[in-house]
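> So here's query.txt (compact mmCIF, C-alpha atoms and all ligand atoms).
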# COMPACT_ATOMS: atom_id res chain seq x y z
CA MET A 20 113.57 135.50 109.73
CA SER A 21 116.14 133.73 107.53
CA PRO A 22 116.75 130.15 108.61
CA ASP A 23 120.20 129.24 109.98
CA ILE A 24 121.33 127.16 107.02
CA GLU A 25 124.59 125.93 108.54
CA SER A 26 122.74 124.56 111.53
CA ILE A 27 120.17 122.97 109.20
CA ARG A 28 122.92 121.42 107.04
CA SER A 29 124.56 119.90 110.10
CA GLN A 30 121.41 117.81 110.60
CA PHE A 31 121.95 116.09 107.21
CA PRO A 32 124.88 113.65 107.49
CA ILE A 33 125.03 112.94 103.73
CA LEU A 34 125.73 116.57 102.84
CA GLY A 35 129.13 116.58 104.53
CA GLN A 36 130.73 114.22 102.00
CA THR A 37 132.98 114.87 99.05
CA VAL A 38 132.42 113.57 95.51
CA TYR A 39 135.59 113.17 93.39
CA ASN A 40 137.34 115.09 96.17
CA LYS A 41 134.97 118.03 95.75
CA PRO A 42 132.38 119.04 98.35
CA LEU A 43 129.02 117.57 97.36
CA VAL A 44 126.65 120.20 95.93
CA TYR A 45 123.29 118.45 95.91
CA LEU A 46 120.83 120.23 93.62
CA ASP A 47 118.58 117.30 92.68
CA ASN A 48 115.97 117.85 95.36
CA GLY A 49 113.07 117.75 92.90
CA ALA A 50 113.91 114.08 92.40
CA THR A 51 114.39 113.34 96.08
CA THR A 52 115.57 115.21 99.16
CA GLN A 53 118.17 114.07 101.66
CA LYS A 54 117.09 113.05 105.17
CA PRO A 55 117.84 114.75 108.48
CA GLN A 56 119.28 112.69 111.34
CA SER A 57 115.96 112.91 113.20
CA VAL A 58 114.22 111.03 110.35
CA ILE A 59 117.03 108.46 110.06
CA ASP A 60 116.90 107.96 113.84
CA ALA A 61 113.11 107.61 113.83
CA VAL A 62 113.32 104.78 111.29
CA ALA A 63 116.11 103.01 113.21
CA ASP A 64 114.22 103.52 116.47
CA VAL A 65 111.19 101.59 115.19
CA TYR A 66 113.36 98.59 114.32
CA VAL A 67 115.34 98.81 117.57
CA ARG A 68 112.42 99.43 119.91
CA CYS A 69 108.95 98.54 118.71
CA ASN A 70 108.73 97.00 115.23
CA SER A 71 105.52 95.04 114.83
CA ASN A 72 102.75 94.87 112.25
CA ILE A 73 100.04 97.41 112.95
CA HIS A 74 96.29 97.39 113.61
CA ARG A 75 95.81 93.66 114.03
CA GLY A 76 97.92 93.05 117.10
CA VAL A 77 96.75 92.72 120.67
CA HIS A 78 100.27 92.98 122.03
CA ARG A 79 102.28 95.89 123.31
CA LEU A 80 104.67 96.39 120.35
CA SER A 81 101.85 96.34 117.83
CA ASN A 82 99.95 98.91 119.87
CA ILE A 83 102.98 101.22 120.00
CA CYS A 84 103.48 101.02 116.22
CA THR A 85 99.77 101.42 115.49
CA GLU A 86 99.57 104.52 117.65
CA ALA A 87 102.71 106.01 116.03
CA PHE A 88 101.30 105.28 112.54
CA GLU A 89 97.96 106.90 113.34
CA GLU A 90 99.75 109.83 114.99
CA ALA A 91 101.67 110.26 111.71
CA ARG A 92 98.34 110.38 109.86
CA ARG A 93 97.11 113.09 112.25
CA ALA A 94 100.37 115.02 111.73
CA VAL A 95 99.88 114.92 107.94
CA ALA A 96 96.28 116.06 108.35
CA ARG A 97 97.41 119.02 110.48
CA HIS A 98 100.24 119.79 108.03
CA ILE A 99 97.84 120.21 105.08
CA ASN A 100 94.91 121.33 107.23
CA ALA A 101 92.64 118.44 106.27
CA ALA A 102 89.25 118.54 107.98
CA CYS A 103 89.88 115.10 109.49
CA ALA A 104 92.64 112.49 109.65
CA HIS A 105 90.67 109.82 107.80
CA GLU A 106 90.85 111.98 104.69
CA VAL A 107 94.57 111.12 104.63
CA ILE A 108 95.27 107.85 102.80
CA PHE A 109 98.81 106.50 103.03
CA THR A 110 100.25 105.27 99.74
CA ARG A 111 103.74 104.57 98.36
CA GLY A 112 103.98 108.04 96.84
CA THR A 113 102.46 110.52 94.43
CA THR A 114 102.37 107.99 91.61
CA GLU A 115 100.40 105.44 93.60
CA SER A 116 98.14 108.18 94.98
CA ILE A 117 97.17 109.35 91.49
CA ASN A 118 96.73 105.78 90.25
CA LEU A 119 94.45 105.11 93.23
CA ALA A 120 92.42 108.24 92.53
CA ALA A 121 92.22 107.57 88.78
CA PHE A 122 91.11 103.98 89.28
CA SER A 123 88.66 104.43 92.14
CA PHE A 124 87.20 107.73 90.98
CA GLY A 125 87.01 106.34 87.44
CA GLU A 126 85.23 103.15 88.53
CA SER A 127 82.74 105.12 90.58
CA PHE A 128 82.02 108.25 88.58
CA CYS A 129 83.16 107.90 84.95
CA ALA A 130 81.59 106.38 81.85
CA GLN A 131 82.13 106.22 78.11
CA GLY A 132 82.30 109.64 76.47
CA ASP A 133 83.33 111.43 79.66
CA GLU A 134 86.42 113.64 79.79
CA ILE A 135 89.36 114.32 82.10
CA VAL A 136 91.24 117.62 81.84
CA ILE A 137 94.98 117.82 82.59
CA THR A 138 97.60 120.38 81.56
CA ALA A 139 100.53 120.40 79.15
CA MET A 140 103.05 120.59 82.02
CA GLU A 141 102.13 117.40 83.85
CA HIS A 142 104.54 114.73 85.07
CA HIS A 143 103.93 111.28 83.54
CA SER A 144 102.39 110.30 86.90
CA ASN A 145 99.59 112.77 86.27
CA ILE A 146 99.13 111.79 82.61
CA VAL A 147 99.37 108.03 82.27
CA PRO A 148 96.90 106.97 85.02
CA TRP A 149 94.27 109.22 83.38
CA GLN A 150 95.16 107.88 79.95
CA MET A 151 94.70 104.35 81.28
CA LEU A 152 91.30 105.33 82.71
CA CYS A 153 90.33 106.85 79.35
CA GLU A 154 91.36 103.66 77.55
CA ARG A 155 89.44 101.50 80.00
CA LYS A 156 86.24 103.48 79.78
CA GLY A 157 86.30 104.95 76.27
CA MET A 158 86.85 108.47 77.59
CA LYS A 159 88.77 111.47 76.30
CA LEU A 160 91.83 113.16 77.82
CA ARG A 161 91.83 116.92 77.20
CA VAL A 162 95.01 118.96 77.68
CA ALA A 163 95.06 122.62 78.71
CA PRO A 164 97.91 124.42 76.91
CA ILE A 165 100.70 126.58 78.34
CA ASP A 166 102.10 129.83 76.97
CA ALA A 167 105.67 130.56 75.87
CA ASN A 168 106.73 131.42 79.44
CA GLY A 169 105.52 128.11 80.80
CA ASP A 170 102.42 129.53 82.45
CA LEU A 171 99.12 127.74 82.20
CA ASP A 172 96.59 129.25 79.78
CA LEU A 173 93.71 129.58 82.24
CA GLU A 174 91.21 130.79 79.66
CA ALA A 175 91.92 127.81 77.44
CA LEU A 176 91.55 125.53 80.45
CA GLY A 177 88.19 127.17 81.16
CA ARG A 178 87.07 126.48 77.59
CA LEU A 179 87.83 122.77 78.01
CA LEU A 180 85.41 122.42 80.93
CA ASN A 181 82.01 121.13 79.85
CA GLY A 182 79.17 118.87 80.90
CA ARG A 183 81.25 115.76 80.12
CA THR A 184 84.26 116.79 82.22
CA ARG A 185 84.49 114.53 85.25
CA LEU A 186 87.71 115.82 86.83
CA VAL A 187 90.57 118.30 86.42
CA ALA A 188 94.05 117.05 87.41
CA VAL A 189 96.76 119.68 87.69
CA ALA A 190 100.28 120.04 89.09
CA HIS A 191 100.61 122.60 91.87
CA VAL A 192 104.24 123.18 90.83
CA SER A 193 105.84 122.03 87.56
CA ASN A 194 108.81 119.75 88.22
CA VAL A 195 110.52 121.05 85.06
CA MET A 196 109.91 124.82 85.03
CA GLY A 197 109.03 125.51 88.64
CA THR A 198 105.77 127.17 87.54
CA VAL A 199 103.42 127.63 90.50
CA ASN A 200 99.92 127.11 89.14
CA PRO A 201 97.04 129.18 90.57
CA VAL A 202 95.30 126.09 91.93
CA ALA A 203 92.80 127.99 94.08
CA ARG A 204 91.56 129.79 90.94
CA ILE A 205 91.50 126.56 88.96
CA VAL A 206 89.48 124.89 91.73
CA ALA A 207 87.04 127.82 91.78
CA MET A 208 86.62 127.66 87.99
CA ALA A 209 86.10 123.88 88.02
CA HIS A 210 83.76 123.93 91.01
CA ALA A 211 81.63 126.59 89.31
CA ALA A 212 81.00 123.90 86.68
CA GLY A 213 80.52 121.21 89.35
CA ILE A 214 83.84 119.49 88.52
CA PRO A 215 86.25 118.18 91.20
CA VAL A 216 89.99 118.87 91.09
CA LEU A 217 93.01 116.72 91.93
CA VAL A 218 96.23 118.58 92.74
CA ASP A 219 99.58 116.88 92.15
CA ALA A 220 101.50 118.42 95.03
CA ALA A 221 104.68 116.35 94.61
CA GLN A 222 106.71 119.52 94.01
CA SER A 223 104.76 121.88 96.27
CA ALA A 224 104.27 119.95 99.52
CA PRO A 225 107.98 120.25 100.41
CA HIS A 226 108.21 123.91 99.49
CA LEU A 227 104.97 125.84 99.98
CA PRO A 228 102.49 126.09 102.84
CA ILE A 229 99.45 124.02 101.90
CA ASP A 230 95.91 124.31 103.19
CA VAL A 231 93.59 121.87 101.42
CA GLN A 232 90.50 123.48 102.92
CA ALA A 233 91.50 126.97 101.76
CA LEU A 234 92.40 125.62 98.30
CA ASP A 235 89.18 123.60 98.41
CA CYS A 236 90.74 120.92 96.17
CA ASP A 237 89.00 117.55 96.19
CA PHE A 238 92.13 115.40 96.03
CA MET A 239 95.82 116.04 96.59
CA ALA A 240 98.77 113.71 96.05
CA PHE A 241 102.34 113.99 97.35
CA SER A 242 105.43 111.93 98.19
CA GLY A 243 107.29 111.71 101.49
CA HIS A 244 110.71 111.23 99.92
CA LYS A 245 110.63 114.69 98.33
CA MET A 246 109.95 116.29 101.72
CA TYR A 247 112.82 114.91 103.84
CA ALA A 248 110.95 111.71 104.73
CA PRO A 249 111.93 108.11 103.94
CA ASN A 250 111.15 106.46 100.63
CA GLY A 251 108.05 104.35 100.22
CA ILE A 252 105.48 106.61 101.82
CA GLY A 253 103.12 109.10 100.21
CA VAL A 254 99.69 110.56 100.67
CA LEU A 255 96.42 110.82 98.85
CA TYR A 256 94.25 113.43 100.50
CA GLY A 257 90.62 113.26 99.47
CA LYS A 258 87.46 114.92 100.68
CA GLU A 259 85.45 112.45 102.72
CA SER A 260 82.40 113.10 100.55
CA TRP A 261 84.29 111.73 97.50
CA LEU A 262 86.31 108.98 99.18
CA ASP A 263 83.26 107.57 100.89
CA ARG A 264 81.53 107.06 97.56
CA MET A 265 84.58 105.63 95.74
CA LYS A 266 85.20 101.93 95.18
CA PRO A 267 88.36 100.43 96.70
CA TYR A 268 91.58 100.35 94.68
CA GLN A 269 93.36 97.19 95.82
CA GLY A 270 91.81 94.27 97.67
CA GLY A 271 93.38 92.42 100.58
CA GLY A 272 93.85 92.63 104.30
CA GLU A 273 92.99 95.75 106.28
CA MET A 274 90.58 97.19 103.68
CA ILE A 275 87.79 94.76 104.55
CA GLU A 276 85.02 94.72 107.14
CA LYS A 277 83.79 91.14 106.56
CA VAL A 278 84.90 88.53 104.04
CA THR A 279 83.01 85.44 102.94
CA PHE A 280 83.52 83.55 99.68
CA GLU A 281 80.23 84.95 98.49
CA ARG A 282 80.67 88.59 99.42
CA THR A 283 83.04 91.09 101.01
CA THR A 284 82.13 94.32 102.71
CA TYR A 285 84.68 97.09 103.00
CA ASN A 286 86.26 98.89 105.91
CA VAL A 287 85.68 102.55 106.73
CA LEU A 288 87.98 105.39 105.68
CA PRO A 289 90.94 105.54 105.50
CA PHE A 290 91.44 101.76 105.73
CA LYS A 291 89.20 101.03 102.73
CA PHE A 292 92.07 102.34 100.56
CA GLU A 293 94.98 100.84 102.50
CA ALA A 294 95.07 97.17 101.52
CA GLY A 295 97.90 95.13 102.98
CA THR A 296 100.65 96.13 105.39
CA PRO A 297 101.48 99.79 104.85
CA ASP A 298 105.00 101.12 105.27
CA TYR A 299 104.31 102.18 108.84
CA VAL A 300 108.02 102.72 109.48
CA ALA A 301 108.25 105.26 106.66
CA ALA A 302 105.01 106.88 107.85
CA ILE A 303 106.57 107.37 111.28
CA GLY A 304 109.62 108.83 109.49
CA LEU A 305 107.30 111.15 107.57
CA HIS A 306 105.95 112.43 110.88
CA ARG A 307 109.51 113.37 111.95
CA ALA A 308 110.07 115.04 108.55
CA ILE A 309 106.94 117.14 109.08
CA ASP A 310 108.31 118.08 112.51
CA PHE A 311 111.59 119.07 110.82
CA ILE A 312 109.76 121.23 108.28
CA GLY A 313 107.65 122.72 111.08
CA SER A 314 110.76 123.60 113.09
CA ILE A 315 111.78 125.98 110.26
CA GLY A 316 108.38 126.89 108.80
CA LEU A 317 107.30 126.50 105.17
CA ASP A 318 107.12 130.28 104.69
CA ALA A 319 110.79 130.60 105.65
CA ILE A 320 111.70 127.56 103.52
CA ALA A 321 109.86 128.98 100.49
CA ALA A 322 111.52 132.40 100.91
CA HIS A 323 115.01 130.85 101.20
CA GLU A 324 114.54 128.62 98.13
CA HIS A 325 113.11 131.54 96.21
CA ARG A 326 116.22 133.62 96.96
CA LEU A 327 118.42 130.75 95.74
CA ALA A 328 116.40 130.30 92.54
CA ARG A 329 116.48 134.04 91.81
CA ALA A 330 120.25 134.17 92.30
CA ALA A 331 120.72 131.05 90.16
CA ILE A 332 118.68 132.60 87.35
CA GLU A 333 120.65 135.84 87.53
CA ARG A 334 124.02 134.08 87.41
CA LEU A 335 123.08 131.41 84.86
CA THR A 336 121.45 133.77 82.36
CA ALA A 337 124.71 135.77 82.24
CA ILE A 338 126.33 132.74 80.53
CA ASP A 339 126.60 132.91 76.73
CA GLY A 340 124.21 130.61 74.88
CA LEU A 341 122.29 129.58 78.02
CA ARG A 342 118.51 129.64 77.77
CA LEU A 343 116.03 129.10 80.57
CA ILE A 344 113.21 126.65 79.88
CA GLY A 345 110.25 128.26 81.55
CA THR A 346 110.11 131.83 82.80
CA PRO A 347 106.82 131.60 84.72
CA ALA A 348 105.19 134.49 86.55
CA GLN A 349 105.46 132.60 89.83
CA ARG A 350 108.23 130.09 90.37
CA ALA A 351 109.21 127.65 93.10
CA GLY A 352 112.84 126.61 93.63
CA VAL A 353 113.30 124.81 90.31
CA VAL A 354 115.40 126.12 87.41
CA SER A 355 115.69 124.35 84.05
CA PHE A 356 118.00 125.42 81.26
CA VAL A 357 119.69 124.38 78.03
CA ILE A 358 122.88 125.61 76.38
CA ASP A 359 122.94 125.93 72.60
CA GLY A 360 124.91 123.13 70.99
CA ILE A 361 125.58 121.13 74.18
CA HIS A 362 123.52 118.10 75.13
CA PRO A 363 122.01 118.39 78.64
CA TYR A 364 123.38 114.95 79.50
CA ASP A 365 126.96 116.12 78.79
CA ILE A 366 126.42 119.17 81.00
CA GLY A 367 125.17 116.92 83.80
CA LEU A 368 128.14 114.54 83.45
CA LEU A 369 130.69 117.34 83.56
CA LEU A 370 128.99 119.02 86.53
CA ASP A 371 129.04 115.68 88.32
CA LYS A 372 132.84 115.60 87.98
CA MET A 373 132.83 118.90 89.89
CA GLY A 374 130.75 117.35 92.67
CA ILE A 375 127.54 119.06 91.52
CA ALA A 376 124.44 116.84 91.33
CA VAL A 377 121.76 118.06 88.92
CA ARG A 378 119.20 116.14 86.89
CA THR A 379 119.16 116.03 83.11
CA GLY A 380 116.66 114.71 80.58
CA HIS A 381 112.91 114.89 80.15
CA HIS A 382 112.15 114.74 83.89
CA CYS A 383 109.21 112.38 83.27
CA ALA A 384 107.42 115.17 81.42
CA GLU A 385 108.08 114.17 77.81
CA PRO A 386 105.10 116.00 76.29
CA LEU A 387 106.32 119.25 77.89
CA ILE A 388 109.88 118.73 76.63
CA ASP A 389 108.50 117.97 73.14
CA HIS A 390 106.45 121.18 73.35
CA PHE A 391 109.70 123.15 73.69
CA GLY A 392 111.27 121.13 70.85
CA ILE A 393 114.37 120.22 72.88
CA ALA A 394 116.15 117.01 73.86
CA GLY A 395 115.78 117.70 77.56
CA THR A 396 116.96 120.19 80.14
CA VAL A 397 119.45 120.52 82.95
CA ARG A 398 117.50 121.05 86.14
CA ALA A 399 118.72 122.47 89.44
CA SER A 400 116.18 122.13 92.23
CA PHE A 401 116.69 123.59 95.68
CA ALA A 402 115.94 122.52 99.22
CA VAL A 403 116.19 124.32 102.52
CA TYR A 404 119.76 123.11 103.13
CA ASN A 405 121.19 124.61 99.93
CA THR A 406 123.36 127.71 100.18
CA MET A 407 124.24 130.76 98.11
CA ALA A 408 127.79 129.33 97.86
CA GLU A 409 126.28 126.28 96.13
CA VAL A 410 124.45 128.53 93.67
CA ASP A 411 127.81 130.16 92.93
CA ALA A 412 129.42 126.72 92.47
CA LEU A 413 126.62 125.75 90.05
CA ALA A 414 127.01 128.93 88.01
CA ALA A 415 130.82 128.63 87.93
CA GLY A 416 130.54 124.97 86.94
CA VAL A 417 128.07 125.65 84.14
CA ARG A 418 130.24 128.51 82.86
CA ARG A 419 133.25 126.18 82.76
CA VAL A 420 131.28 123.55 80.87
CA ALA A 421 130.03 126.14 78.37
CA GLU A 422 133.61 127.33 77.76
CA MET A 423 135.05 123.81 77.54
CA MET A 424 132.45 122.66 75.00
CA LYS A 425 132.51 125.79 72.82
N1 LIG A 501 104.43 114.56 90.03
C1 LIG A 501 105.43 115.43 89.99
C2 LIG A 501 105.14 116.88 89.64
C3 LIG A 501 106.74 115.01 90.28
O1 LIG A 501 107.73 115.88 90.24
C4 LIG A 501 106.96 113.66 90.62
C5 LIG A 501 108.36 113.15 90.93
N2 LIG A 501 109.36 113.60 90.07
C6 LIG A 501 105.88 112.78 90.65
C7 LIG A 501 104.62 113.27 90.35
C8 LIG A 501 106.03 111.34 91.00
O2 LIG A 501 106.44 111.19 92.31
P1 LIG A 501 106.87 109.75 92.87
O3 LIG A 501 107.91 109.22 91.92
O4 LIG A 501 107.42 110.04 94.22
O5 LIG A 501 105.66 108.90 92.90
Before we go any further, please render this structure as structure tokens.

Amino acid sequence: MSPDIESIRSQFPILGQTVYNKPLVYLDNGATTQKPQSVIDAVADVYVRCNSNIHRGVHRLSNICTEAFEEARRAVARHINAACAHEVIFTRGTTESINLAAFSFGESFCAQGDEIVITAMEHHSNIVPWQMLCERKGMKLRVAPIDANGDLDLEALGRLLNGRTRLVAVAHVSNVMGTVNPVARIVAMAHAAGIPVLVDAAQSAPHLPIDVQALDCDFMAFSGHKMYAPNGIGVLYGKESWLDRMKPYQGGGEMIEKVTFERTTYNVLPFKFEAGTPDYVAAIGLHRAIDFIGSIGLDAIAAHEHRLARAAIERLTAIDGLRLIGTPAQRAGVVSFVIDGIHPYDIGLLLDKMGIAVRTGHHCAEPLIDHFGIAGTVRASFAVYNTMAEVDALAAGVRRVAEMMK
């Protein structure tokens, strides 16, 4: 059943505003989503009712917050179908999750001459931490190519896997082209060679149903703020069998079992990887965001966003000189384009004056943008609260810009 978009929109106070006297058309959801009132209220409620540092307290408020934080962890585990809650590590977001994985996995399982395989469509967050590992250890970063449509070349990826490959790190969904990568197949290919896989789910967790056990991925990273939750909270999922054998990332409070000046022993999962005070308030907000997503259903969300993306593509490609960047076989609700002779930044600025928020530039995927030989793209990215009328406004706005700048 189609979700009731007007009723969903009414839960997002920010969407009701005007920008330059025009109704706000917010199409920058790939960068961050807006927050429903239930999430905003959950955050305020912690500060009004029970704020207190977690885990170490003997008092009532600390117990309430600790229980809510751990309940949030269980909600995330259910949401991605993790085998157990302690496979869910709270981080600040996808970037920190991948840095944690790259450091701790690297320290524990990688040595000089080893290789990490990524793809040509990765976000900087899924390139640079691996590059840093390679620099630290004298390892090699191998890059699986994409074809002209923006689909991953699976055969070429397969050819990169060898006895020196320690891990494959791949985006579930490209934040530039919307390409949905066949991660289950990639995992099967890598596992056949005994290689674990990390999935960057920053752009899929808000939009597609995810089952880490069915995918059988070894690690998965995503950010709360892209899935209707507050900023400052993210997740690294990892299989217990890997996490247990990995060295800690940061040292400090919470991650220890016993500290003496001579020697420290480490806490059990998940705390071993959660040094210091976590953003328990944002984690509690993330729980409400998962409830919000659950109240609609990710299948319905994906279908709605897919309809919007299809309509956007149809209307945008009818505009003279407009070229899509990425025409993948399977696409999530992300559409990138360029217009001959007009800089993406100028398109973004002019759309902004019409109240339309899109993102322009390299989208933190410079190697991909270089691959297409362009300066950047204009990107519209959809969320569940976007409407067909907003797609029409985008297309009309882009058409006006194209005519003005001719
Ligand atoms: N990976 C992908 C595919 C992304 O789209 C993003 C955010 N644009 C990130 C990683 C990084 O996410 P964050 O900034 O929330 O850490």
> Given the point (120.7, 118.3, 89.6) in the file's coordinates, find the residues that have an atom at most 7 Å from it, counting all atoms listed in the file, and give them as an MDAnalysis selection string.
chainID A and resid 45:47 376:378 398:400
> Which residues are near ligand LIG 501 (chain A) in this structure, taking near to mean any atom at most 9 Å from a ligand atom and counting all atoms listed in the file? Format them as JSON, numbers by chain.
{"A": [49, 50, 51, 111, 112, 113, 114, 115, 116, 117, 140, 141, 142, 143, 144, 145, 190, 191, 192, 193, 194, 195, 219, 220, 221, 222, 223, 240, 241, 242, 243, 244, 245, 250, 251, 252, 253, 382, 383, 384]}
> Counting all atoms listed in the file, figure out which residue out of A:Cys129, A:Ile146, A:Val77, A:Val231 gets nearest to Glu385 (chain A).
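Checking each candidate against Glu385 (chain A), we get A:Ile146 as the closest.
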> For a quick check of understanding, using all atoms listed in the file, which of A:Met196, A:Ile320, A:Ala224, A:Val189 has the smallest distance to Ile388 (chain A)?
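Checking each candidate against Ile388 (chain A), we get A:Met196 as the closest.
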> Quick one: 3 Å padding each side, axis-aligned, all listed atoms of region 27-32 of chain A - centre and edge lengths in Å to one decimal, as AutoDock Vina command-line options?

--center_x 122.5 --center_y 118.3 --center_z 108.8 --size_x 10.7 --size_y 15.3 --size_z 9.6
> Taking (93.6, 120.8, 74.8) in the file's coordinates as the center, which residues reach within 12 Å of it, counting all atoms listed in the file, put as a VMD selection string?
chain A and resid 134 to 140 159 to 165 171 to 180
> Pick out the closest residue to Arg418 (chain A) from this set: A:Thr379, A:Asn100, A:Thr296, A:Thr336. Count only C-alpha atoms.
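Counting only C-alpha atoms, the residue closest to Arg418 (chain A) is A:Thr336.
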> I'd like the interatomic distance between CA of Glu106 (chain A) and CA of Phe238 (chain A), to a tenth of an Å.
9.4 Å
> Of the residues A:Gly76, A:Gly304, A:Pro347, A:Pro55, which is the one nearest to Leu34 (chain A), using only C-alpha atoms?
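Going through A:Gly76, A:Gly304, A:Pro347, A:Pro55 one by one, the smallest distance to Leu34 (chain A) is for A:Pro55.
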> So how many Å separate CA of Gly360 (chain A) and CA of Met424 (chain A), to one decimal?
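One can read the CA of Gly360 (chain A) to CA of Met424 (chain A) distance as 8.6 Å.
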> Rounded to one decimal, what separation in Å do you get between CA of Ala415 (chain A) and CA of Ser26 (chain A)?
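Separating CA of Ala415 (chain A) from CA of Ser26 (chain A) is a distance of 25.3 Å.
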> With distances taken over all atoms listed in the file, which of A:Ala188, A:Ala394, A:Ala87, A:Ser260 is nearest to Val147 (chain A)?
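When distances to Val147 (chain A) are compared using all atoms listed in the file, the smallest one comes from A:Ala188.
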